[in-house]
file my_file.cif (mmCIF, C-alpha atoms)
data_run
#
loop_
_atom_site.label_atom_id
_atom_site.label_comp_id
_atom_site.auth_asym_id
_atom_site.auth_seq_id
_atom_site.Cartn_x
_atom_site.Cartn_y
_atom_site.Cartn_z
CA MET L 1114 -12.44 8.51 -24.75
CA SER L 1115 -11.44 11.65 -26.54
CA MET L 1116 -8.05 13.28 -26.09
CA ARG L 1117 -9.85 16.25 -24.58
CA CYS L 1118 -11.41 14.02 -21.92
CA LEU L 1119 -8.08 12.38 -21.27
CA ALA L 1120 -6.38 15.74 -20.90
CA LEU L 1121 -9.11 16.95 -18.55
CA GLY L 1122 -8.86 13.78 -16.53
CA ALA L 1123 -5.11 14.13 -16.26
CA LEU L 1124 -5.42 17.74 -15.19
CA LEU L 1125 -8.00 16.93 -12.55
CA LEU L 1126 -5.77 14.16 -11.37
CA ALA L 1127 -2.77 16.42 -10.98
CA LEU L 1128 -4.75 19.12 -9.25
CA SER L 1129 -6.65 16.87 -6.93
CA GLY L 1130 -3.79 14.77 -5.70
CA LEU L 1131 -5.58 11.66 -6.88
CA SER L 1132 -3.33 8.72 -6.24
CA PRO L 1133 -2.07 6.55 -9.07
CA VAL L 1134 -3.26 3.23 -10.28
CA ALA L 1135 -1.72 0.78 -7.88
CA ALA L 1136 -3.19 2.71 -4.99
CA HIS L 1137 -6.56 1.00 -5.43
CA HIS L 1138 -9.11 3.69 -4.69
CA SER L 1139 -9.40 7.40 -5.11
CA VAL L 1140 -7.74 9.84 -2.75
CA PRO L 1141 -10.66 12.32 -2.92
CA GLY L 1142 -12.90 9.49 -1.68
CA GLN L 1143 -10.95 9.47 1.57
CA PHE L 1144 -9.26 12.85 1.89
CA ASP L 1145 -10.49 16.41 1.48
CA VAL L 1146 -8.22 17.71 -1.26
CA SER L 1147 -9.78 21.16 -0.95
CA LYS L 1148 -8.25 21.66 2.48
CA PRO L 1149 -4.48 21.54 2.14
CA MET L 1150 -2.61 22.06 5.38
CA THR L 1151 0.99 22.38 6.48
CA LEU L 1152 2.41 20.32 9.34
CA THR L 1153 5.85 20.63 10.87
CA GLY L 1154 7.42 17.94 12.99
CA THR L 1155 9.66 14.89 13.04
CA ILE L 1156 9.06 11.57 11.35
CA SER L 1157 8.93 8.95 14.09
CA LYS L 1158 8.10 5.92 11.94
CA VAL L 1159 7.47 4.84 8.38
CA ASP L 1160 5.28 1.83 7.68
CA TRP L 1161 6.66 0.55 4.35
CA ILE L 1162 3.49 -1.22 3.27
CA ASN L 1163 1.15 -1.53 0.32
CA PRO L 1164 -1.13 -0.29 -1.07
CA HIS L 1165 -0.09 2.91 0.73
CA ILE L 1166 2.98 3.71 2.76
CA TYR L 1167 2.19 5.43 6.06
CA VAL L 1168 4.42 8.14 7.52
CA HIS L 1169 3.99 8.92 11.22
CA LEU L 1170 4.70 12.56 11.95
CA ASP L 1171 5.13 13.85 15.52
CA VAL L 1172 3.90 17.42 15.71
CA LYS L 1173 4.62 19.41 18.87
CA SER L 1174 2.21 22.16 19.91
CA ASP L 1175 3.15 25.47 21.49
CA LYS L 1176 2.33 23.90 24.85
CA GLY L 1177 4.72 21.06 24.22
CA THR L 1178 2.19 18.30 23.70
CA VAL L 1179 2.97 15.92 20.85
CA THR L 1180 0.35 14.73 18.38
CA THR L 1181 1.22 11.95 15.96
CA TRP L 1182 -0.27 12.18 12.50
CA ALA L 1183 -0.69 9.11 10.31
CA LEU L 1184 -0.05 10.29 6.77
CA ALA L 1185 -0.66 8.02 3.79
CA THR L 1186 1.28 8.24 0.58
CA LEU L 1187 2.16 6.28 -2.55
CA PRO L 1188 2.64 2.50 -2.90
CA THR L 1189 6.12 1.07 -2.52
CA ALA L 1190 6.57 0.20 -6.20
CA MET L 1191 6.28 3.84 -7.19
CA MET L 1192 8.83 4.82 -4.58
CA ARG L 1193 11.17 2.08 -5.72
CA ARG L 1194 10.83 3.19 -9.32
CA SER L 1195 11.83 6.69 -8.26
CA LYS L 1196 14.70 5.30 -6.16
CA ILE L 1197 13.14 6.59 -2.94
CA THR L 1198 13.96 4.29 -0.05
CA LYS L 1199 12.42 3.93 3.36
CA ALA L 1200 15.54 5.60 4.76
CA SER L 1201 15.44 8.57 2.41
CA LEU L 1202 11.73 9.00 3.10
CA THR L 1203 12.30 8.85 6.86
CA GLY L 1204 15.10 11.41 6.82
CA LYS L 1205 17.63 11.87 9.58
CA PRO L 1206 16.68 11.05 13.18
CA GLY L 1207 15.01 14.05 14.77
CA GLU L 1208 15.07 16.04 11.52
CA MET L 1209 12.39 18.68 11.34
CA VAL L 1210 10.30 18.33 8.20
CA THR L 1211 7.46 20.28 6.70
CA VAL L 1212 4.60 18.29 5.22
CA ARG L 1213 1.89 19.60 2.98
CA ALA L 1214 -1.05 17.26 3.30
CA VAL L 1215 -4.83 17.01 3.11
CA PRO L 1216 -7.03 15.74 5.95
CA ALA L 1217 -9.37 12.76 6.15
CA ARG L 1218 -12.94 13.43 5.07
CA ASP L 1219 -14.55 11.09 7.58
CA GLY L 1220 -13.55 13.21 10.55
CA THR L 1221 -10.77 10.92 11.76
CA ARG L 1222 -8.34 13.18 13.56
CA ASN L 1223 -4.67 13.29 12.65
CA LEU L 1224 -5.09 11.29 9.46
CA GLY L 1225 -4.03 12.70 6.11
CA TRP L 1226 -2.57 12.22 2.65
CA ILE L 1227 0.86 13.64 1.82
CA ASN L 1228 1.33 16.02 -1.07
CA LYS L 1229 4.91 17.07 -0.35
CA ILE L 1230 7.60 16.60 2.28
CA THR L 1231 10.36 19.17 2.64
CA TYR L 1232 13.36 18.22 4.74
CA ALA L 1233 15.61 20.43 6.87
CA ASP L 1234 18.24 20.80 4.15
CA GLY L 1235 15.67 21.97 1.62
CA ARG L 1236 15.33 18.80 -0.39
CA TYR L 1237 11.77 17.75 -1.00
CA LEU L 1238 9.73 14.79 -2.19
CA GLN L 1239 6.72 15.72 -4.31
CA LEU L 1240 4.32 12.81 -3.90
CA ALA L 1241 0.93 14.14 -5.00
CA GLY L 1242 -0.82 17.22 -6.36
CA GLN L 1243 0.89 20.52 -5.61
CA MET D 916 -0.71 -7.56 11.99
CA ARG D 917 0.41 -9.78 9.16
CA ASN D 918 -2.18 -10.40 6.50
CA PRO D 919 -2.86 -14.15 6.53
CA LEU D 920 -3.30 -14.20 2.77
CA VAL D 921 0.09 -12.63 2.25
CA ALA D 922 1.64 -14.89 4.82
CA ARG D 923 0.20 -17.93 3.09
CA PHE D 924 1.12 -16.91 -0.43
CA GLY D 925 4.43 -15.41 0.59
CA THR D 926 5.52 -18.68 2.13
CA ALA D 927 4.31 -20.65 -0.85
CA ALA D 928 6.04 -18.33 -3.29
CA ALA D 929 9.25 -18.59 -1.30
CA ALA D 930 8.98 -22.37 -1.37
CA ALA D 931 8.49 -22.34 -5.13
CA LEU D 932 11.45 -20.05 -5.59
CA LEU D 933 13.57 -22.22 -3.36
CA ALA D 934 12.62 -25.33 -5.28
CA VAL D 935 13.52 -23.69 -8.54
CA ALA D 936 16.71 -22.09 -7.30
CA CYS D 937 18.01 -25.08 -5.38
CA GLY D 938 17.01 -27.71 -7.87
CA SER D 939 14.08 -30.05 -7.59
CA ALA D 940 13.39 -33.34 -9.29
CA THR D 941 13.17 -31.35 -12.50
CA PRO D 942 16.49 -30.19 -13.88
CA PRO D 943 16.57 -26.54 -14.90
CA ALA D 944 16.71 -25.81 -18.56
CA GLU D 945 19.93 -24.41 -19.92
CA GLN D 946 19.65 -20.69 -20.18
CA SER D 947 21.02 -18.40 -22.78
CA ALA D 948 23.00 -15.29 -21.92
CA PRO D 949 20.95 -12.48 -20.41
CA ALA D 950 20.06 -9.65 -22.70
CA THR D 951 21.05 -6.07 -22.16
CA PRO D 952 17.96 -3.97 -22.80
CA ALA D 953 19.66 -0.91 -21.37
CA ALA D 954 21.79 -0.84 -24.51
CA ALA D 955 18.72 -0.48 -26.72
CA PRO D 956 18.00 3.06 -27.89
CA GLY D 957 15.12 5.13 -26.60
CA GLU D 958 13.40 5.65 -23.30
CA ARG D 959 12.55 2.57 -21.30
CA GLY D 960 9.46 0.93 -22.70
CA SER D 961 9.13 3.45 -25.51
CA PRO D 962 7.98 2.27 -28.95
CA GLU D 963 11.48 3.02 -30.24
CA GLN D 964 13.13 0.82 -27.65
CA LEU D 965 10.58 -1.99 -27.99
CA LYS D 966 11.10 -2.01 -31.75
CA ALA D 967 14.86 -2.32 -31.29
CA LEU D 968 14.48 -5.07 -28.69
CA ALA D 969 12.06 -7.01 -30.87
CA ALA D 970 14.49 -6.85 -33.78
CA ARG D 971 17.13 -8.77 -31.85
CA PRO D 972 17.53 -12.51 -32.43
CA THR D 973 15.03 -14.62 -30.52
CA PRO D 974 16.99 -16.80 -28.08
CA HIS D 975 16.16 -20.48 -27.84
CA LEU D 976 16.97 -23.27 -25.44
CA PRO D 977 19.03 -26.23 -26.74
CA ASP D 978 15.85 -28.22 -27.39
CA GLY D 979 14.44 -25.46 -29.58
CA ARG D 980 11.90 -23.97 -27.19
CA PRO D 981 11.91 -20.18 -26.89
CA ASP D 982 13.99 -19.04 -23.95
CA LEU D 983 11.61 -17.21 -21.65
CA ASN D 984 13.93 -17.19 -18.62
CA ALA D 985 14.19 -13.59 -17.53
CA THR D 986 12.75 -10.81 -15.49
CA TRP D 987 10.19 -9.05 -17.65
CA ASP D 988 9.10 -5.45 -17.39
CA HIS D 989 5.99 -3.75 -18.69
CA LEU D 990 5.94 -0.87 -16.19
CA GLY D 991 3.06 -2.50 -14.36
CA GLY D 992 0.43 0.15 -14.89
CA ILE D 993 2.56 2.93 -13.42
CA GLU D 994 4.32 3.92 -16.60
CA PHE D 995 3.64 7.56 -15.79
CA VAL D 996 6.26 7.35 -13.04
CA ARG D 997 9.59 7.97 -14.68
CA VAL D 998 12.13 5.34 -13.90
CA ARG D 999 15.31 6.54 -12.28
CA GLN D 1000 18.42 4.54 -13.03
CA ASP D 1001 20.42 5.96 -10.14
CA ALA D 1002 19.55 6.89 -6.58
CA PRO D 1003 19.10 10.62 -6.04
CA ALA D 1004 21.94 12.48 -4.39
CA GLU D 1005 21.70 13.02 -0.65
CA ASN D 1006 20.22 16.49 -0.95
CA GLU D 1007 18.42 15.99 -4.26
CA SER D 1008 14.69 16.61 -4.50
CA VAL D 1009 12.49 14.10 -6.28
CA CYS D 1010 9.09 14.51 -7.87
CA VAL D 1011 7.16 11.28 -8.20
CA PHE D 1012 3.67 12.58 -8.85
CA GLY D 1013 1.96 15.90 -9.36
CA CYS D 1014 5.11 17.37 -10.84
CA ALA D 1015 5.46 20.78 -12.37
CA PRO D 1016 6.13 20.76 -16.11
CA PRO D 1017 9.72 20.91 -17.25
CA PRO D 1018 10.87 24.32 -18.49
CA GLY D 1019 9.44 25.05 -21.90
CA GLN D 1020 6.77 22.35 -21.74
CA ALA D 1021 3.11 22.88 -21.04
CA GLY D 1022 1.11 20.69 -18.71
CA ALA D 1023 2.03 18.73 -15.66
CA ARG D 1024 4.10 15.56 -15.74
CA PRO D 1025 3.81 12.77 -14.99
CA THR D 1026 0.13 13.07 -15.62
CA GLY D 1027 -1.07 9.68 -14.45
CA PRO D 1028 -3.99 7.70 -15.71
CA PRO D 1029 -7.43 9.11 -16.37
CA PRO D 1030 -9.96 8.66 -13.58
CA ALA D 1031 -12.15 5.59 -13.73
CA GLY D 1032 -15.12 6.10 -15.98
CA PRO D 1033 -17.93 3.92 -17.18
CA PRO D 1034 -16.97 0.56 -18.63
CA GLY D 1035 -15.58 1.08 -22.10
CA PRO D 1036 -14.99 -1.06 -25.17
CA GLY D 1037 -12.39 -3.08 -23.28
CA PHE D 1038 -14.92 -4.21 -20.72
CA PRO D 1039 -16.24 -7.81 -20.79
CA ASN D 1040 -19.46 -8.21 -22.70
CA TYR D 1041 -21.96 -9.80 -20.31
CA LYS D 1042 -25.20 -11.48 -21.14
CA PRO D 1043 -28.05 -8.99 -20.72
CA GLU D 1044 -29.46 -10.71 -17.66
CA PHE D 1045 -26.26 -9.92 -15.74
CA ALA D 1046 -26.10 -6.21 -16.51
CA ALA D 1047 -27.80 -5.26 -13.25
CA LYS D 1048 -25.43 -7.40 -11.23
CA VAL D 1049 -22.39 -5.85 -12.90
CA LYS D 1050 -23.73 -2.36 -12.24
CA ASP D 1051 -24.42 -3.17 -8.62
CA LEU D 1052 -20.91 -4.56 -8.12
CA LYS D 1053 -19.40 -1.59 -9.93
CA ASP D 1054 -21.27 0.83 -7.69
CA ARG D 1055 -20.00 -1.04 -4.63
CA GLN D 1056 -16.47 -1.80 -5.82
CA VAL D 1057 -14.85 -0.17 -2.82
CA GLN D 1058 -16.85 -2.40 -0.52
CA VAL D 1059 -16.83 -5.70 -2.39
CA ASP D 1060 -13.80 -5.91 -4.69
CA THR D 1061 -11.41 -8.25 -2.92
CA LEU D 1062 -8.52 -6.79 -4.91
CA LEU D 1063 -8.86 -3.67 -2.79
CA GLN D 1064 -8.60 -5.86 0.32
CA CYS D 1065 -5.15 -7.20 -0.55
CA ALA D 1066 -6.47 -10.51 -1.92
CA PRO D 1067 -4.82 -12.21 -4.92
CA PRO D 1068 -5.93 -10.56 -8.18
CA GLY D 1069 -6.57 -13.79 -10.08
CA VAL D 1070 -6.18 -14.29 -13.83
CA PRO D 1071 -6.15 -12.38 -16.12
CA ARG D 1072 -6.39 -9.41 -13.76
CA ILE D 1073 -2.89 -9.89 -12.36
CA GLY D 1074 -1.44 -9.34 -15.81
CA PRO D 1075 1.77 -10.85 -17.16
CA PRO D 1076 4.41 -12.39 -14.91
CA ALA D 1077 7.28 -10.31 -13.59
CA LYS D 1078 9.67 -13.23 -13.91
CA ILE D 1079 9.62 -16.52 -15.79
CA VAL D 1080 11.63 -19.61 -14.87
CA GLN D 1081 11.66 -22.53 -17.31
CA THR D 1082 12.66 -26.08 -16.59
CA ALA D 1083 12.49 -29.08 -18.85
CA ARG D 1084 9.07 -30.02 -17.51
CA GLU D 1085 7.39 -26.82 -16.41
CA VAL D 1086 7.33 -23.07 -16.36
CA VAL D 1087 7.04 -20.96 -13.22
CA PHE D 1088 5.48 -17.50 -13.31
CA LEU D 1089 6.48 -15.17 -10.47
CA TYR D 1090 4.68 -11.95 -9.59
CA ASP D 1091 5.78 -9.13 -7.30
CA ASP D 1092 2.31 -7.66 -7.12
CA VAL D 1093 1.20 -4.77 -4.93
CA ASN D 1094 -1.08 -7.28 -3.21
CA GLY D 1095 1.71 -9.76 -2.51
CA PRO D 1096 4.18 -12.25 -3.97
CA PHE D 1097 2.34 -14.77 -6.09
CA PHE D 1098 3.37 -17.72 -8.26
CA ARG D 1099 1.96 -20.15 -10.77
CA THR D 1100 3.51 -23.46 -11.80
CA ILE D 1101 2.65 -24.55 -15.33
CA PRO D 1102 3.49 -28.11 -16.47
CA THR D 1103 4.62 -28.23 -20.10
CA ASP D 1104 5.45 -31.92 -20.38
CA GLY D 1105 2.06 -33.18 -21.40
CA ARG D 1106 0.52 -33.47 -17.97
CA THR D 1107 -3.21 -32.85 -17.84
CA HIS D 1108 -5.12 -30.68 -15.42
CA ARG D 1109 -4.96 -31.81 -11.84
CA THR D 1110 -8.01 -33.32 -10.19
CA ASP D 1111 -6.88 -32.94 -6.59
CA LEU D 1112 -7.17 -29.18 -6.28
CA GLU D 1113 -9.86 -26.98 -4.85
CA PRO D 1114 -10.80 -23.96 -6.95
CA SER D 1115 -8.25 -21.20 -6.36
CA TYR D 1116 -7.40 -17.60 -7.17
CA PHE D 1117 -4.94 -18.53 -9.90
CA GLY D 1118 -6.53 -21.81 -10.95
CA ASP D 1119 -4.78 -24.84 -12.40
CA ALA D 1120 -2.64 -24.27 -15.46
CA ILE D 1121 -1.04 -26.43 -18.12
CA GLY D 1122 1.11 -25.21 -20.96
CA ARG D 1123 2.45 -26.13 -24.35
CA TYR D 1124 4.67 -24.57 -26.97
CA GLU D 1125 3.76 -23.65 -30.51
CA GLY D 1126 6.84 -22.30 -32.22
CA ASP D 1127 8.11 -19.38 -30.17
CA THR D 1128 4.85 -19.10 -28.24
CA LEU D 1129 4.03 -20.54 -24.83
CA ILE D 1130 0.31 -21.19 -24.51
CA VAL D 1131 -1.08 -21.47 -20.99
CA GLU D 1132 -4.56 -22.81 -20.34
CA THR D 1133 -5.93 -22.25 -16.85
CA ARG D 1134 -9.14 -23.39 -15.21
CA ASN D 1135 -10.49 -24.37 -11.77
CA PHE D 1136 -10.70 -20.80 -10.52
CA ASN D 1137 -12.68 -19.71 -7.50
CA ASP D 1138 -15.20 -16.93 -8.06
CA GLU D 1139 -13.70 -14.45 -5.62
CA THR D 1140 -11.81 -12.38 -8.18
CA TRP D 1141 -12.88 -10.13 -11.02
CA LEU D 1142 -11.69 -10.04 -14.61
CA THR D 1143 -11.05 -6.31 -14.34
CA ASP D 1144 -12.46 -3.30 -12.51
CA ASP D 1145 -16.06 -2.12 -12.60
CA GLY D 1146 -17.80 -5.22 -11.32
CA ALA D 1147 -16.45 -7.67 -13.90
CA PHE D 1148 -17.27 -10.80 -11.94
CA HIS D 1149 -16.85 -14.35 -13.21
CA THR D 1150 -17.92 -17.83 -12.20
CA THR D 1151 -15.95 -20.95 -11.37
CA ASN D 1152 -16.39 -21.98 -14.99
CA LEU D 1153 -13.88 -19.33 -16.05
CA LYS D 1154 -11.17 -20.54 -18.41
CA VAL D 1155 -8.25 -18.36 -19.45
CA VAL D 1156 -5.82 -18.87 -22.30
CA GLU D 1157 -2.63 -16.82 -22.27
CA ARG D 1158 -0.18 -16.62 -25.15
CA LEU D 1159 3.39 -15.47 -24.60
CA GLN D 1160 5.32 -15.12 -27.84
CA ARG D 1161 9.00 -14.34 -27.54
CA VAL D 1162 10.08 -11.91 -30.23
CA GLY D 1163 13.70 -10.88 -29.86
CA ASP D 1164 14.07 -9.53 -26.35
CA THR D 1165 10.36 -8.90 -25.97
CA ILE D 1166 7.30 -11.01 -25.23
CA LEU D 1167 3.93 -10.32 -26.77
CA TYR D 1168 1.44 -11.17 -24.04
CA GLU D 1169 -2.21 -11.83 -24.76
CA ALA D 1170 -4.98 -13.34 -22.66
CA VAL D 1171 -8.50 -14.45 -23.45
CA ALA D 1172 -11.06 -15.26 -20.74
CA GLU D 1173 -14.06 -17.44 -21.45
CA ASP D 1174 -16.96 -17.79 -19.06
CA PRO D 1175 -19.98 -18.84 -21.10
CA ASP D 1176 -22.19 -18.88 -18.02
CA VAL D 1177 -22.14 -15.10 -17.82
CA LEU D 1178 -20.19 -13.66 -20.77
CA ALA D 1179 -21.77 -13.16 -24.17
CA GLU D 1180 -18.35 -13.51 -25.79
CA PRO D 1181 -14.75 -14.13 -24.72
CA TYR D 1182 -13.06 -11.21 -23.02
CA ALA D 1183 -9.58 -10.16 -24.09
CA PRO D 1184 -7.72 -7.55 -22.04
CA ARG D 1185 -5.43 -5.27 -24.00
CA PRO D 1186 -2.32 -7.10 -25.25
CA MET D 1187 0.97 -6.04 -23.73
CA THR D 1188 4.59 -6.03 -24.78
CA LEU D 1189 7.06 -7.11 -22.14
CA TRP D 1190 10.79 -6.60 -22.38
CA VAL D 1191 13.79 -8.15 -20.71
CA SER D 1192 14.66 -6.23 -17.59
CA THR D 1193 18.04 -5.90 -15.93
CA GLU D 1194 16.32 -5.35 -12.59
CA GLU D 1195 15.69 -8.36 -10.40
CA ILE D 1196 12.27 -8.66 -8.83
CA ALA D 1197 11.98 -8.17 -5.09
CA GLU D 1198 9.59 -9.34 -2.43
CA PRO D 1199 6.83 -6.75 -2.38
CA ALA D 1200 6.05 -4.96 0.84
CA ARG D 1201 3.25 -6.42 2.94
CA CYS D 1202 -0.21 -5.46 1.73
CA ASP D 1203 -2.08 -3.95 4.67
CA ASP D 1204 -4.90 -1.71 3.57
CA ARG D 1205 -5.78 0.90 6.18
CA ASP D 1206 -7.84 3.15 3.96
CA LEU D 1207 -11.08 1.38 3.17
CA PRO D 1208 -12.67 2.04 6.61
CA HIS D 1209 -12.19 5.76 5.99
CA MET D 1210 -13.72 5.95 2.53
CA VAL D 1211 -16.70 8.28 2.55
CA ASP D 1212 -17.88 7.58 -0.95
CA GLY D 1213 -17.51 4.83 -3.49
CA SER D 1214 -15.10 6.59 -5.76
CA TYR D 1215 -12.22 4.60 -7.14
CA HIS D 1216 -10.00 4.46 -10.15
CA SER D 1217 -8.64 1.78 -12.42
CA ASN D 1218 -6.25 -0.81 -11.08
CA PRO D 1219 -4.30 -2.10 -14.06
CA ARG D 1220 -1.32 -4.38 -13.60
#

call {"tool": "encode", "arguments": {"input": "my_file.cif", "output": "C-alpha cells"}}
result
Amino acid sequence: MSMRCLALGALLLALSGLSPVAAHHSVPGQFDVSKPMTLTGTISKVDWINPHIYVHLDVKSDKGTVTTWALATLPTAMMRRSKITKASLTGKPGEMVTVRAVPARDGTRNLGWINKITYADGRYLQLAGQ
Amino acid sequence: MRNPLVARFGTAAAAALLAVACGSATPPAEQSAPATPAAAPGERGSPEQLKALAARPTPHLPDGRPDLNATWDHLGGIEFVRVRQDAPAENESVCVFGCAPPPGQAGARPTGPPPAGPPGPGFPNYKPEFAAKVKDLKDRQVQVDTLLQCAPPGVPRIGPPAKIVQTAREVVFLYDDVNGPFFRTIPTDGRTHRTDLEPSYFGDAIGRYEGDTLIVETRNFNDETWLTDDGAFHTTNLKVVERLQRVGDTILYEAVAEDPDVLAEPYAPRPMTLWVSTEEIAEPARCDDRDLPHMVDGSYHSNPR
C-alpha cells in the first residue's frame, strides 16, 4: 500500500471516528458518523467490558422524563494505556457531562458511539473523531 | 451475563497462574534480575529504544538457557495510542483517539491503522480451489469470525505472549487478550505431544531450546479460529512453529503456520520485537460483545494482536 493510501486511510479514520484495531469491527458499520449529536446528562453506570466499554448516560427532557442512552466507546486496553480508569471515565456522582456522539444506524433508539465527553469542570476525554 | 468461554478460560488461566506462583511439582527456574527498559533511551517501542535494549547482555539461567521470564510488551496492535507513564491530573483532559495535531505539526495524531483492505502480501497463500471459500468468509467476517464473538483467537492469531514464566521442565505463556485471559503450557523437558487431548483453540505445544532461542511446535488445533483476518481459515491439520530468540532485553518473535491441506505454502505473519516491560499484566475485562447485532453492513477492520 502506498504512503498516499495510508495517509488517506488515516485521515478517513480520524474523520470518521472509526474505532481502533482491538475494537473488532468498524464503527461506521454500526453508527452513523455523519450525524453527530450532543447529549447532556449524568453518567449512571459504566460497563467496563471488552471489546467496547459502554457508558450509560441519563438524559432528562424538558418535561422531566429520563432517557438512558447506551454509549459505546474504546476497549479497556486503550483506556488503560492512556491511564483512564473506570472512575475517571464515570466522573463524580451526579456530575453533568456533555457527550458528543453518533447514533446507531440500525434504528435502535438511545444507542450511540462516543466521540468526546466533557465534564463539569471543563476537562474532556477525546475518544474518537472530532 | 458472563461469557462461558471467558469463565472457562479465566478459571483455567487463574489455575495455571496459581500453580506457577505457588509452586507445583516443577520447581521454578532461578530468575535473573529484572531489566529496566525505562532507562533505555527513546520513546517506548521506538527503533532507537529497541536497538539499545537489544544491545544489552542477554541474561541466562544457571543452566545456560536464555532467561525469558518477564512481562513482554509489543504494544499489542494499538501502538498509535501513546502510552502515559503517569495518571492524568484530576482536571486534566486526555485525548486517546481522533486527536488534534500538536502545535506546529500537520495531520492528526494518533492516526490509527489503515482501514481493512483486500488481502495483501502478508495474507496466507491458499490453494486455488479454496479462493472462493476465503472470499466468502472474508465477505461475511462480521457474521462468522469467532474472534469477533469473544472466542479465543488461536495461534498464531493471538500473537506473542504478554508474559513468560519458565520452570525447569516447561514454559508458560500468558496472554491478557481483549477476548480474555488465555494461557499455554509448553513442556521443554523432552516430553512428546499429548495423545489425551481433544483439538483446541491453542492446540498442544512442546518446546525446545536452540542457543538463545525457544522453539515451540504446536498442533492438535480445532478449526474454529482463523490465521488472520479476511477469511484466513485453517483445518485441524494446522501446525505452527514459533521461535522466540532473546537478544539483550528484547525477544525476536516469529511464527510459521503450515496447513498443507489448504495452504499452497507456509504462512508467516510479520515478525515482531518484544521488549521487557516494567508493567505487570492484568486480568482483562470481560469480553461481552454487544455490537454485532447492530451491524448494518459487513464492514470491519484489521484485528492485529

call {"tool": "residues_around", "arguments": {"input": "my_file.cif", "residues": "Ala985 of chain D", "least_positions_apart": "6", "cutoff": "7 Å", "atoms": "only C-alpha atoms", "output": "compact mmCIF listing (two decimals) with C-alpha atoms, keeping the file's coordinate frame"}}
result
# COMPACT_ATOMS: atom_id res chain seq x y z
CA LYS D 1078 9.67 -13.23 -13.91
CA ILE D 1079 9.62 -16.52 -15.79
CA VAL D 1191 13.79 -8.15 -20.71

call {"tool": "resolve_selection", "arguments": {"input": "my_file.cif", "expression": "the PyMOL selection byres ((chain L and resi 1197-1210) around 9)", "output": "PyMOL selection string"}}
result
(chain L and resi 1152-1161+1168+1170+1189+1191-1196+1211-1212+1230-1233+1238) or (chain D and resi 1002-1003+1005+1009)

call {"tool": "closest_residue", "arguments": {"input": "my_file.cif", "among": "L:Ala1214, L:Leu1184, L:Ile1162, L:Met1150", "to": "chain D", "atoms": "all atoms listed in the file"}}
result
L:Ile1162

call {"tool": "resolve_selection", "arguments": {"input": "my_file.cif", "expression": "the PyMOL selection byres ((chain D and resi 1142) around 12)", "output": "ChimeraX atom specification"}}
result
/D:1037-1041,1049,1060-1062,1068-1074,1116-1117,1136,1138-1141,1143-1150,1153-1155,1170-1174,1178,1181-1184,1218-1220

call {"tool": "write_last_selection", "arguments": {"input": "my_file.cif", "atoms": "C-alpha atoms", "output": "CSV table (one decimal), keeping the file's coordinate frame"}}
result
chain,number,residue,atom,x,y,z
D,1037,GLY,CA,-12.4,-3.1,-23.3
D,1038,PHE,CA,-14.9,-4.2,-20.7
D,1039,PRO,CA,-16.2,-7.8,-20.8
D,1040,ASN,CA,-19.5,-8.2,-22.7
D,1041,TYR,CA,-22.0,-9.8,-20.3
D,1049,VAL,CA,-22.4,-5.8,-12.9
D,1060,ASP,CA,-13.8,-5.9,-4.7
D,1061,THR,CA,-11.4,-8.2,-2.9
D,1062,LEU,CA,-8.5,-6.8,-4.9
D,1068,PRO,CA,-5.9,-10.6,-8.2
D,1069,GLY,CA,-6.6,-13.8,-10.1
D,1070,VAL,CA,-6.2,-14.3,-13.8
D,1071,PRO,CA,-6.2,-12.4,-16.1
D,1072,ARG,CA,-6.4,-9.4,-13.8
D,1073,ILE,CA,-2.9,-9.9,-12.4
D,1074,GLY,CA,-1.4,-9.3,-15.8
D,1116,TYR,CA,-7.4,-17.6,-7.2
D,1117,PHE,CA,-4.9,-18.5,-9.9
D,1136,PHE,CA,-10.7,-20.8,-10.5
D,1138,ASP,CA,-15.2,-16.9,-8.1
D,1139,GLU,CA,-13.7,-14.4,-5.6
D,1140,THR,CA,-11.8,-12.4,-8.2
D,1141,TRP,CA,-12.9,-10.1,-11.0
D,1143,THR,CA,-11.0,-6.3,-14.3
D,1144,ASP,CA,-12.5,-3.3,-12.5
D,1145,ASP,CA,-16.1,-2.1,-12.6
D,1146,GLY,CA,-17.8,-5.2,-11.3
D,1147,ALA,CA,-16.4,-7.7,-13.9
D,1148,PHE,CA,-17.3,-10.8,-11.9
D,1149,HIS,CA,-16.8,-14.4,-13.2
D,1150,THR,CA,-17.9,-17.8,-12.2
D,1153,LEU,CA,-13.9,-19.3,-16.0
D,1154,LYS,CA,-11.2,-20.5,-18.4
D,1155,VAL,CA,-8.2,-18.4,-19.4
D,1170,ALA,CA,-5.0,-13.3,-22.7
D,1171,VAL,CA,-8.5,-14.4,-23.4
D,1172,ALA,CA,-11.1,-15.3,-20.7
D,1173,GLU,CA,-14.1,-17.4,-21.4
D,1174,ASP,CA,-17.0,-17.8,-19.1
D,1178,LEU,CA,-20.2,-13.7,-20.8
D,1181,PRO,CA,-14.8,-14.1,-24.7
D,1182,TYR,CA,-13.1,-11.2,-23.0
D,1183,ALA,CA,-9.6,-10.2,-24.1
D,1184,PRO,CA,-7.7,-7.6,-22.0
D,1218,ASN,CA,-6.2,-0.8,-11.1
D,1219,PRO,CA,-4.3,-2.1,-14.1
D,1220,ARG,CA,-1.3,-4.4,-13.6

call {"tool": "resolve_selection", "arguments": {"input": "my_file.cif", "expression": "the PyMOL selection byres ((chain L and resi 1142) around 7)", "output": "ChimeraX atom specification"}}
result
/L:1139-1141,1143-1144 /D:1210-1214

call {"tool": "atom_distance", "arguments": {"input": "my_file.cif", "atom1": "atom CA of Asp1145 of chain L", "atom2": "atom CA of Trp1226 of chain L"}}
result
9.0 Å

call {"tool": "atom_distance", "arguments": {"input": "my_file.cif", "atom1": "atom CA of Leu1129 of chain D", "atom2": "atom CA of Pro1102 of chain D"}}
result
11.3 Å

call {"tool": "atom_distance", "arguments": {"input": "my_file.cif", "atom1": "atom CA of Thr986 of chain D", "atom2": "atom CA of Ile1196 of chain D"}}
result
7.0 Å

call {"tool": "residues_near_point", "arguments": {"input": "my_file.cif", "point": "(0.3, -4.0, 1.8)", "cutoff": "6 Å", "atoms": "all atoms listed in the file", "output": "ChimeraX atom specification"}}
result
/L:1162-1164 /D:1200-1204

call {"tool": "closest_residue", "arguments": {"input": "my_file.cif", "among": "D:Ala970, D:Val1057, D:Leu1052, D:Ala1046", "to": "chain L", "atoms": "only C-alpha atoms"}}
result
D:Val1057
